[in-house]
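> The following file, coords.txt, comprises compact mmCIF, C-alpha atoms:
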# COMPACT_ATOMS: atom_id res chain seq x y z
CA MET K 59 -25.03 17.05 -6.01
CA VAL K 60 -23.91 14.50 -8.59
CA LYS K 61 -23.69 15.83 -12.13
CA ILE K 62 -24.76 13.23 -14.70
CA GLU K 63 -23.48 13.58 -18.25
CA ASN K 64 -25.33 11.49 -20.84
CA MET K 65 -22.92 10.11 -23.43
CA GLY K 66 -25.41 8.09 -25.49
CA GLU K 67 -24.68 4.47 -24.59
CA TYR K 68 -23.27 5.37 -21.18
CA GLU K 69 -23.43 8.04 -18.49
CA ILE K 70 -20.64 9.77 -16.59
CA HIS K 71 -21.45 10.50 -12.97
CA HIS K 72 -19.35 13.40 -11.69
CA PRO K 73 -19.24 13.52 -7.86
CA PRO K 74 -19.49 16.92 -6.27
CA ASP K 75 -16.22 18.83 -6.24
CA LYS K 76 -15.34 19.21 -2.57
CA LEU K 77 -11.81 20.35 -3.15
CA LYS K 78 -12.82 24.00 -2.82
CA PHE K 79 -13.98 23.23 0.73
CA LYS K 80 -10.59 21.74 1.62
CA VAL K 81 -8.50 24.63 0.36
CA ILE K 82 -7.87 27.54 2.69
CA SER K 83 -7.70 30.97 1.19
CA ASP K 84 -4.88 33.31 2.17
CA GLU K 85 -7.30 35.26 4.37
CA ASP K 86 -8.24 32.12 6.32
CA ALA K 87 -4.72 30.72 6.67
CA PRO K 88 -3.27 30.75 10.22
CA SER K 89 -0.29 32.97 10.90
CA ILE K 90 3.16 31.53 11.62
CA GLY K 91 2.71 32.59 15.24
CA GLN K 92 -0.56 30.67 15.49
CA ILE K 93 1.03 27.61 13.92
CA ARG K 94 3.96 27.76 16.37
CA ARG K 95 1.64 28.15 19.38
CA ARG K 96 -0.45 25.18 18.23
CA ALA K 97 2.67 23.08 17.66
CA SER K 98 4.01 24.06 21.07
CA ARG K 99 0.76 23.03 22.77
CA ASN K 100 0.82 19.73 20.92
CA MET K 101 4.46 19.10 21.82
CA ASN K 102 3.81 19.92 25.49
CA GLY K 103 1.05 17.32 25.50
CA LEU K 104 3.37 14.76 23.93
CA ARG K 105 6.06 15.55 26.52
CA GLU K 106 3.57 14.83 29.31
CA GLN K 107 2.63 11.56 27.63
CA PHE K 108 6.33 10.70 27.38
CA LEU K 109 6.83 11.32 31.12
CA ASP K 110 3.76 9.19 31.92
CA GLY K 111 5.22 6.46 29.72
CA VAL K 112 8.54 6.65 31.57
CA LEU K 113 6.69 6.22 34.87
CA ALA K 114 5.00 3.11 33.46
CA SER K 115 8.41 1.85 32.31
CA ILE K 116 9.85 2.45 35.79
CA ALA K 117 7.06 0.31 37.25
CA ALA K 118 7.83 -2.51 34.79
CA ILE K 119 11.58 -2.21 35.45
CA THR K 120 11.00 -2.28 39.22
CA GLU K 121 8.85 -5.39 38.91
CA ALA K 122 11.42 -7.21 36.74
CA LEU K 123 14.22 -6.13 39.06
CA ALA K 124 12.35 -7.52 42.07
CA VAL K 125 12.06 -10.88 40.31
CA LEU K 126 15.80 -10.84 39.53
CA ARG K 127 16.65 -9.90 43.13
CA ALA K 128 14.57 -12.84 44.39
CA SER K 129 16.68 -15.09 42.12
CA LYS K 130 13.52 -16.19 40.36
CA GLY K 131 14.17 -14.45 37.08
CA GLY K 132 16.54 -14.59 34.19
CA LYS K 133 16.98 -13.41 30.64
CA GLU K 134 13.30 -12.49 30.25
CA GLU K 135 13.47 -9.96 33.09
CA GLN K 136 16.80 -8.67 31.83
CA GLU K 137 15.26 -8.12 28.40
CA ILE K 138 12.24 -6.35 29.92
CA ILE K 139 14.50 -3.90 31.72
CA PHE K 140 16.72 -3.44 28.68
CA GLY K 141 13.73 -2.90 26.37
CA HIS K 142 12.21 -0.20 28.55
CA ALA K 143 15.60 1.43 29.07
CA HIS K 144 16.27 1.39 25.33
CA ASP K 145 12.95 3.13 24.63
CA ILE K 146 13.68 5.77 27.26
CA LYS K 147 17.18 6.25 25.86
CA GLY K 148 15.86 6.81 22.35
CA LEU K 149 12.86 8.97 23.19
CA GLY K 150 14.40 11.18 25.89
CA GLY K 151 16.10 13.55 23.47
CA THR K 152 13.19 13.49 21.05
CA PHE K 153 10.84 14.88 23.68
CA GLY K 154 13.31 17.38 25.12
CA TYR K 155 14.56 15.30 28.05
CA PRO K 156 18.12 14.31 27.14
CA MET K 157 18.98 13.81 30.84
CA ILE K 158 16.28 11.16 31.16
CA GLY K 159 17.52 9.63 27.91
CA SER K 160 21.03 9.53 29.33
CA ILE K 161 19.86 7.65 32.42
CA GLY K 162 18.05 5.24 30.10
CA SER K 163 21.33 4.78 28.27
CA GLY K 164 23.03 3.89 31.54
CA LEU K 165 20.36 1.30 32.24
CA CYS K 166 20.90 -0.12 28.75
CA ASP K 167 24.60 -0.54 29.49
CA LEU K 168 23.83 -2.25 32.81
CA THR K 169 21.34 -4.70 31.31
CA ASP K 170 22.83 -5.35 27.88
CA PRO K 171 21.51 -8.72 26.66
CA LYS K 172 25.11 -9.83 26.07
CA LEU K 173 25.70 -9.76 29.83
CA ALA K 174 25.17 -12.91 31.85
CA ILE K 175 22.56 -12.70 34.58
CA SER K 176 25.30 -13.25 37.16
CA ASP K 177 27.12 -10.16 35.82
CA LEU K 178 24.18 -7.80 36.35
CA ASN K 179 24.79 -5.21 39.05
CA LEU K 180 21.30 -5.23 40.53
CA ASP K 181 22.10 -2.55 43.11
CA PHE K 182 23.32 -0.14 40.45
CA ILE K 183 20.29 -0.92 38.27
CA LYS K 184 18.10 -0.04 41.27
CA ILE K 185 19.97 3.23 41.79
CA HIS K 186 19.53 4.15 38.13
CA THR K 187 15.82 3.34 38.36
CA ASP K 188 15.43 5.50 41.47
CA VAL K 189 17.35 8.38 39.88
CA LEU K 190 15.23 8.02 36.75
CA GLY K 191 12.06 8.31 38.83
CA TRP K 192 13.41 11.41 40.55
CA ALA K 193 14.38 12.99 37.23
CA VAL K 194 10.86 12.40 35.91
CA ALA K 195 9.25 13.77 39.07
CA GLN K 196 11.44 16.89 38.86
CA LYS K 197 11.01 17.11 35.07
CA ILE K 198 14.75 17.53 34.62
CA MET K 199 15.33 18.21 30.96
CA ASP K 200 19.10 18.55 30.71
CA GLU K 201 22.31 19.35 32.56
CA SER K 202 21.48 23.07 32.64
CA ASP K 203 18.74 22.39 35.20
CA PRO K 204 20.14 23.20 38.69
CA LYS K 205 18.65 19.96 40.04
CA ALA K 206 20.64 17.97 37.49
CA ALA K 207 23.85 18.49 39.46
CA ALA K 208 22.40 16.57 42.43
CA LEU K 209 21.26 13.81 40.11
CA LEU K 210 24.67 13.47 38.45
CA THR K 211 26.44 13.56 41.82
CA ALA K 212 24.18 10.76 43.09
CA LEU K 213 25.03 8.59 40.11
CA ASP K 214 28.78 9.29 40.39
CA THR K 215 28.76 8.57 44.13
CA ALA K 216 26.84 5.35 43.53
CA LYS K 217 29.45 4.20 40.98
CA THR K 218 32.19 4.38 43.58
CA ARG K 219 30.14 2.62 46.28
CA VAL K 220 28.49 -0.18 44.32
As structure tokens, how would this structure be written, given the file I've shared?

Amino acid sequence: MVKIENMGEYEIHHPPDKLKFKVISDEDAPSIGQIRRRASRNMNGLREQFLDGVLASIAAITEALAVLRASKGGKEEQEIIFGHAHDIKGLGGTFGYPMIGSIGSGLCDLTDPKLAISDLNLDFIKIHTDVLGWAVAQKIMDESDPKAAALLTALDTAKTRV
């Protein structure tokens, strides 16, 4: 309810004080454990969104790579791949997937905008994209995951063959 104070020539309208409804008393405050559990649930949801986003990036990278392989593309497709790879590189560690970020970093190196289209190693870009998809499917977080060894071996083997 608005409190009206008559000041002779003018009135002061005081809105209701809702601050007391916004303040939590010590008895109502969540415990540290509750706060951590809530934060963990929220972070797990964000991690899933990150992985979904990486899958969408893989689809865009695959499409741009197909255009480049058909010799119908150029700098625009290179920049699409680089942009998605750069996002993956930066966000991988943030969301607890440094291995996925590392693969994104490799894709960045392979598609650096300073490189000429003729210097792009399309086969190695494809291998990185495939490995990235596998890492997402397996939810490989870092090198401590036993499945990470197979992933790293695949990339190392590909380097010597491509």
> Tell me, in Å to one decimal, how far CA of Asp188 (chain K) is from CA of Asn100 (chain K).
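CA of Asp188 (chain K) sits 29.0 Å away from CA of Asn100 (chain K).
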> Hey, what's within 12 Å of Ser160 (chain K) if we count all atoms listed in the file and toss same-chain stuff fewer than 6 positions away? As a list in words, please?
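Selected residues are Ala143, His144, Asp145, Ile146, Lys147, Gly148, Leu149, Gly150, Gly151, Gly154, Cys166, Asp167, His186, Val189, Leu190, Ala193, Ile198, Met199, Asp200, Glu201, Ala206, Leu209, Leu210 and Leu213 of chain K.
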> Using C-alpha atoms, can you export the residues from the last selection as an mmCIF file, keeping the file's coordinate frame?

data_model
loop_
_atom_site.group_PDB
_atom_site.id
_atom_site.type_symbol
_atom_site.label_atom_id
_atom_site.label_comp_id
_atom_site.auth_asym_id
_atom_site.auth_seq_id
_atom_site.Cartn_x
_atom_site.Cartn_y
_atom_site.Cartn_z
ATOM 1 C CA ALA K 143 15.600 1.430 29.070
ATOM 2 C CA HIS K 144 16.270 1.390 25.330
ATOM 3 C CA ASP K 145 12.950 3.130 24.630
ATOM 4 C CA ILE K 146 13.680 5.770 27.260
ATOM 5 C CA LYS K 147 17.180 6.250 25.860
ATOM 6 C CA GLY K 148 15.860 6.810 22.350
ATOM 7 C CA LEU K 149 12.860 8.970 23.190
ATOM 8 C CA GLY K 150 14.400 11.180 25.890
ATOM 9 C CA GLY K 151 16.100 13.550 23.470
ATOM 10 C CA GLY K 154 13.310 17.380 25.120
ATOM 11 C CA CYS K 166 20.900 -0.120 28.750
ATOM 12 C CA ASP K 167 24.600 -0.540 29.490
ATOM 13 C CA HIS K 186 19.530 4.150 38.130
ATOM 14 C CA VAL K 189 17.350 8.380 39.880
ATOM 15 C CA LEU K 190 15.230 8.020 36.750
ATOM 16 C CA ALA K 193 14.380 12.990 37.230
ATOM 17 C CA ILE K 198 14.750 17.530 34.620
ATOM 18 C CA MET K 199 15.330 18.210 30.960
ATOM 19 C CA ASP K 200 19.100 18.550 30.710
ATOM 20 C CA GLU K 201 22.310 19.350 32.560
ATOM 21 C CA ALA K 206 20.640 17.970 37.490
ATOM 22 C CA LEU K 209 21.260 13.810 40.110
ATOM 23 C CA LEU K 210 24.670 13.470 38.450
ATOM 24 C CA LEU K 213 25.030 8.590 40.110
#
> At a cut-off of 7 Å around the point (-18.7, 14.0, -11.1) (file coordinates), what residues fall inside when counting all atoms listed in the file? I'd like the answer as a PyMOL selection string.
chain K and resi 60-61+71-74
> Between CA of Thr152 (chain K) and CA of Leu173 (chain K), what is the distance in Å, rounded to a tenth?
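Answer for the CA of Thr152 (chain K) to CA of Leu173 (chain K) separation: 27.8 Å.
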> Using all atoms listed in the file, which of K:Arg127, K:His142, K:Lys133, K:Lys172 sits nearest Gly111 (chain K)?
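Ranking K:Arg127, K:His142, K:Lys133, K:Lys172 by distance to Gly111 (chain K), first place goes to K:His142.
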> Which residue is closest to Gly103 (chain K)? Choose from K:Phe153, K:Gly164, K:Ile139, K:Ile158 and count all atoms listed in the file.
K:Phe153
> Would you please work out which residue, of K:Glu135, K:Asp203, K:Glu63, K:Asp110, is nearest to Ala122 (chain K) when using all atoms listed in the file?
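So, comparing all the options, the nearest one is K:Glu135.
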> How many Å separate CA of Tyr155 (chain K) from CA of Lys205 (chain K)?
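Going from CA of Tyr155 (chain K) over to CA of Lys205 (chain K), I get 13.5 Å.
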> Which one is closest to Pro171 (chain K): K:Leu113, K:Ile138, K:Leu126, K:Ala216? Count all atoms listed in the file.
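Nearest to Pro171 (chain K): K:Ile138.
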